[in-house]
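Trainee: Coordinates in target.pdb, PDB, C-alpha atoms, are listed below.
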```
ATOM      1  CA  MET A   1       0.000   0.000   0.000
ATOM      2  CA  THR A   2       2.917   2.340   0.548
ATOM      3  CA  CYS A   3       3.694   2.131  -3.165
ATOM      4  CA  VAL A   4       0.202   3.415  -3.939
ATOM      5  CA  GLY A   5       0.592   6.244  -1.422
ATOM      6  CA  MET A   6       3.973   7.222  -2.819
ATOM      7  CA  THR A   7       2.516   7.141  -6.338
ATOM      8  CA  PHE A   8      -0.117   9.662  -5.265
ATOM      9  CA  LEU A   9       2.615  11.797  -3.734
ATOM     10  CA  ILE A  10       4.642  11.727  -6.952
ATOM     11  CA  LEU A  11       1.508  12.574  -8.921
ATOM     12  CA  ALA A  12       0.906  15.511  -6.587
ATOM     13  CA  CYS A  13       4.287  16.868  -7.640
ATOM     14  CA  ALA A  14       4.009  16.126 -11.356
ATOM     15  CA  VAL A  15       0.415  16.335 -12.549
ATOM     16  CA  PRO A  16      -0.881  19.832 -11.692
ATOM     17  CA  GLN A  17       2.323  21.764 -12.444
ATOM     18  CA  GLN A  18       5.687  20.553 -13.580
ATOM     19  CA  LYS A  19       8.639  20.656 -11.169
ATOM     20  CA  ILE A  20       6.787  21.749  -8.016
ATOM     21  CA  PHE A  21       8.230  19.444  -5.377
ATOM     22  CA  TYR A  22       6.864  21.045  -2.208
ATOM     23  CA  PRO A  23       4.479  18.121  -1.494
ATOM     24  CA  PHE A  24       7.553  15.934  -0.934
ATOM     25  CA  PHE A  25       8.123  17.727   2.378
ATOM     26  CA  VAL A  26       5.512  15.419   3.933
ATOM     27  CA  LEU A  27       8.090  12.619   3.642
ATOM     28  CA  LEU A  28       9.893  14.328   6.498
ATOM     29  CA  PHE A  29       6.773  13.957   8.639
ATOM     30  CA  TYR A  30       6.464  10.268   7.705
ATOM     31  CA  VAL A  31       9.938   9.618   9.075
ATOM     32  CA  LEU A  32       9.735  11.932  12.082
ATOM     33  CA  SER A  33       6.301  10.787  13.253
ATOM     34  CA  VAL A  34       7.488   7.368  14.406
ATOM     35  CA  ILE A  35      10.691   8.469  16.149
ATOM     36  CA  PRO A  36       9.141   9.722  19.445
ATOM     37  CA  ILE A  37       7.210   6.486  19.977
ATOM     38  CA  VAL A  38      10.227   4.333  19.182
ATOM     39  CA  ILE A  39      12.341   6.255  21.681
ATOM     40  CA  ALA A  40       9.639   6.146  24.368
ATOM     41  CA  LYS A  41       9.091   2.398  23.961
ATOM     42  CA  ARG A  42      12.815   1.665  24.057
ATOM     43  CA  LEU A  43      13.354   3.764  27.188
ATOM     44  CA  ASN A  44      10.348   2.340  29.016
ATOM     45  CA  PRO A  45       9.251  -1.092  27.755
ATOM     46  CA  GLY A  46       5.939  -2.406  28.954
ATOM     47  CA  ALA A  47       2.270  -1.742  28.555
ATOM     48  CA  GLU A  48       1.842   0.811  31.334
ATOM     49  CA  THR A  49       1.219   4.430  30.488
ATOM     50  CA  ASN A  50       3.602   7.055  31.797
ATOM     51  CA  PRO A  51       4.384  10.703  31.033
ATOM     52  CA  LYS A  52       7.137   9.794  28.551
ATOM     53  CA  THR A  53       4.785   7.685  26.476
ATOM     54  CA  GLU A  54       2.053  10.311  26.631
ATOM     55  CA  PHE A  55       4.460  13.026  25.503
ATOM     56  CA  ALA A  56       5.667  10.794  22.654
ATOM     57  CA  LEU A  57       2.069  10.260  21.541
ATOM     58  CA  PHE A  58       1.487  14.006  21.730
ATOM     59  CA  LEU A  59       4.518  14.707  19.506
ATOM     60  CA  THR A  60       3.465  11.988  17.058
ATOM     61  CA  ALA A  61      -0.056  13.386  16.832
ATOM     62  CA  GLY A  62       1.372  16.843  16.184
ATOM     63  CA  MET A  63       3.547  15.549  13.353
ATOM     64  CA  VAL A  64       0.688  13.618  11.769
ATOM     65  CA  LEU A  65      -1.496  16.722  11.980
ATOM     66  CA  SER A  66       1.307  18.783  10.438
ATOM     67  CA  ALA A  67       1.573  16.316   7.544
ATOM     68  CA  PHE A  68      -2.088  16.968   6.768
ATOM     69  CA  ALA A  69      -1.905  20.722   7.384
ATOM     70  CA  LEU A  70       1.171  21.462   5.249
ATOM     71  CA  PRO A  71      -0.428  20.746   1.848
ATOM     72  CA  ILE A  72      -3.534  22.697   2.806
ATOM     73  CA  VAL A  73      -1.448  25.726   3.787
ATOM     74  CA  LEU A  74       0.630  25.441   0.607
ATOM     75  CA  ALA A  75      -2.509  25.252  -1.522
ATOM     76  CA  HIS A  76      -4.136  28.145   0.310
ATOM     77  CA  THR A  77      -1.121  30.380  -0.316
ATOM     78  CA  GLY A  78      -0.981  29.348  -3.975
ATOM     79  CA  VAL A  79       2.360  27.556  -3.854
ATOM     80  CA  ILE A  80       0.771  24.309  -5.061
ATOM     81  CA  THR A  81      -2.563  23.721  -6.754
ATOM     82  CA  TRP A  82      -5.598  22.298  -5.006
ATOM     83  CA  LEU A  83      -5.298  19.142  -7.108
ATOM     84  CA  GLY A  84      -1.784  18.685  -5.744
ATOM     85  CA  CYS A  85      -3.143  19.258  -2.248
ATOM     86  CA  ILE A  86      -5.841  16.615  -2.686
ATOM     87  CA  LEU A  87      -3.367  14.102  -4.090
ATOM     88  CA  THR A  88      -1.017  14.751  -1.170
ATOM     89  CA  LEU A  89      -3.829  14.295   1.344
ATOM     90  CA  VAL A  90      -4.825  11.000  -0.282
ATOM     91  CA  SER A  91      -1.190   9.947  -0.085
ATOM     92  CA  ASN A  92      -1.104  10.894   3.613
ATOM     93  CA  VAL A  93      -4.197   8.825   4.383
ATOM     94  CA  ILE A  94      -2.855   5.773   2.564
ATOM     95  CA  ASN A  95       0.637   5.984   4.044
ATOM     96  CA  TYR A  96      -0.469   6.616   7.628
ATOM     97  CA  LEU A  97      -3.009   3.786   7.428
ATOM     98  CA  THR A  98      -0.196   1.549   6.189
ATOM     99  CA  ILE A  99       2.037   2.582   9.095
ATOM    100  CA  PHE A 100      -0.838   2.036  11.543
ATOM    101  CA  GLY A 101      -1.635  -1.375  10.051
ATOM    102  CA  TYR A 102       1.994  -2.415  10.241
ATOM    103  CA  VAL A 103       2.197  -1.390  13.879
ATOM    104  CA  MET A 104      -0.973  -3.308  14.729
ATOM    105  CA  ARG A 105       0.192  -6.415  12.859
ATOM    106  CA  GLU A 106       3.578  -6.430  14.551
ATOM    107  CA  ASN A 107       2.083  -6.144  18.029
ATOM    108  CA  GLU A 108       0.129  -9.381  17.563
ATOM    109  CA  PHE A 109       3.284 -11.496  17.483
ATOM    110  CA  ASP A 110       5.737 -12.079  20.295
ATOM    111  CA  ALA A 111       8.734 -10.342  18.797
ATOM    112  CA  PRO A 112      11.937 -10.438  20.868
ATOM    113  CA  TYR A 113      12.110  -6.639  20.992
ATOM    114  CA  GLY A 114       8.396  -5.914  21.384
ATOM    115  CA  GLY A 115       7.454  -5.475  17.723
ATOM    116  CA  MET A 116       8.084  -2.357  15.720
ATOM    117  CA  PHE A 117       7.344  -0.045  18.596
TER     118      PHE A 117
END
```
As C-alpha cells, what does this structure read like?

Mentor:
Amino acid sequence: MTCVGMTFLILACAVPQQKIFYPFFVLLFYVLSVIPIVIAKRLNPGAETNPKTEFALFLTAGMVLSAFALPIVLAHTGVITWLGCILTLVSNVINYLTIFGYVMRENEFDAPYGGMF
C-alpha cells in the first residue's frame, strides 16, 4: 500500500504543475512521526502508560497533523494547486493507514524486541 501512497505523492508533484516538489516535504513527517514512539518504547518497555509515552504520543499526533496541514497551507497560499493538495492528502491517508496497520500487525506477534514499537 505504501507504493500506492507514494505514487499519489509523486503525482501531486508532477500532474498539476511541472517541477513543483513542495508536497515531498511530507516525507519528512512520515519519518519523524514514528521516532518519538520508538524512543519512548525503548526507554520504558511495557504496557503501562507514563508521562514519557504520553508526551511521545502528543509529539506523534502533532507531526501527523502537520503532515495533513502542510499541503492545505501550501494550496491556500498558492504555492501548489488544489489538485496537488488533494493528491497529497490522499497519499497521507494511505501511508499513515499503512504505518498504523503495520504497527498493529507487529504487536500481535511475540517479537523479541516488542514489535516495531

Trainee: Please, what distance in Å, to one decimal, runs between atom CA of Ser33 of chain A and atom CA of Met63 of chain A?

Mentor: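 Going from atom CA of Ser33 of chain A over to atom CA of Met63 of chain A covers 5.5 Å.
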
Trainee: Just checking: using all atoms listed in the file, which residue out of A:Ala69, A:Val64, A:Glu54, A:Ala14 ends up closest to Ile99 of chain A?

Mentor: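 Counting all atoms listed in the file, the residue closest to Ile99 of chain A is A:Val64.
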
Trainee: Which residues, written as a list in words, have at least one atom at most 6 Å from segment 90-93 of chain A, with all atoms listed in the file counted and residues fewer than 6 positions away on the same chain left out?

Mentor: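 Listing them by chain and then by number gives Gly5, Phe8 and Leu9 of chain A.
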
Trainee: Name every residue that the PyMOL selection byres ((chain A and resi 15) around 12) selects in this structure, writing the answer as a PyMOL selection string with chains first and numbers rising.

Mentor: chain A and resi 7-14+16-21+23+80-88

Trainee: Between atom CA of Leu57 of chain A and atom CA of Ile94 of chain A, what is the distance in Å, rounded to a tenth?

Mentor: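 Computed distance, atom CA of Leu57 of chain A to atom CA of Ile94 of chain A, equals 20.1 Å.
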
Trainee: Once the PyMOL selection byres ((chain A and resi 39) around 12) is applied to the coordinates I shared, what remains selected? I want it as a VMD selection string.

Mentor: chain A and resid 32 to 38 40 to 45 52 to 53 55 to 57 59 to 60 116 to 117

Trainee: One decimal, in Å: what's the spacing between atom CA of Tyr96 of chain A and atom CA of Leu70 of chain A?

Mentor: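 These atoms are spaced 15.1 Å apart.
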
Trainee: I'd like to know which of A:Glu48, A:Val26, A:Phe100, A:Cys3 is closest to Ser66 of chain A, using only C-alpha atoms.

Mentor: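 Using only C-alpha atoms, Ser66 of chain A sits closest to A:Val26.
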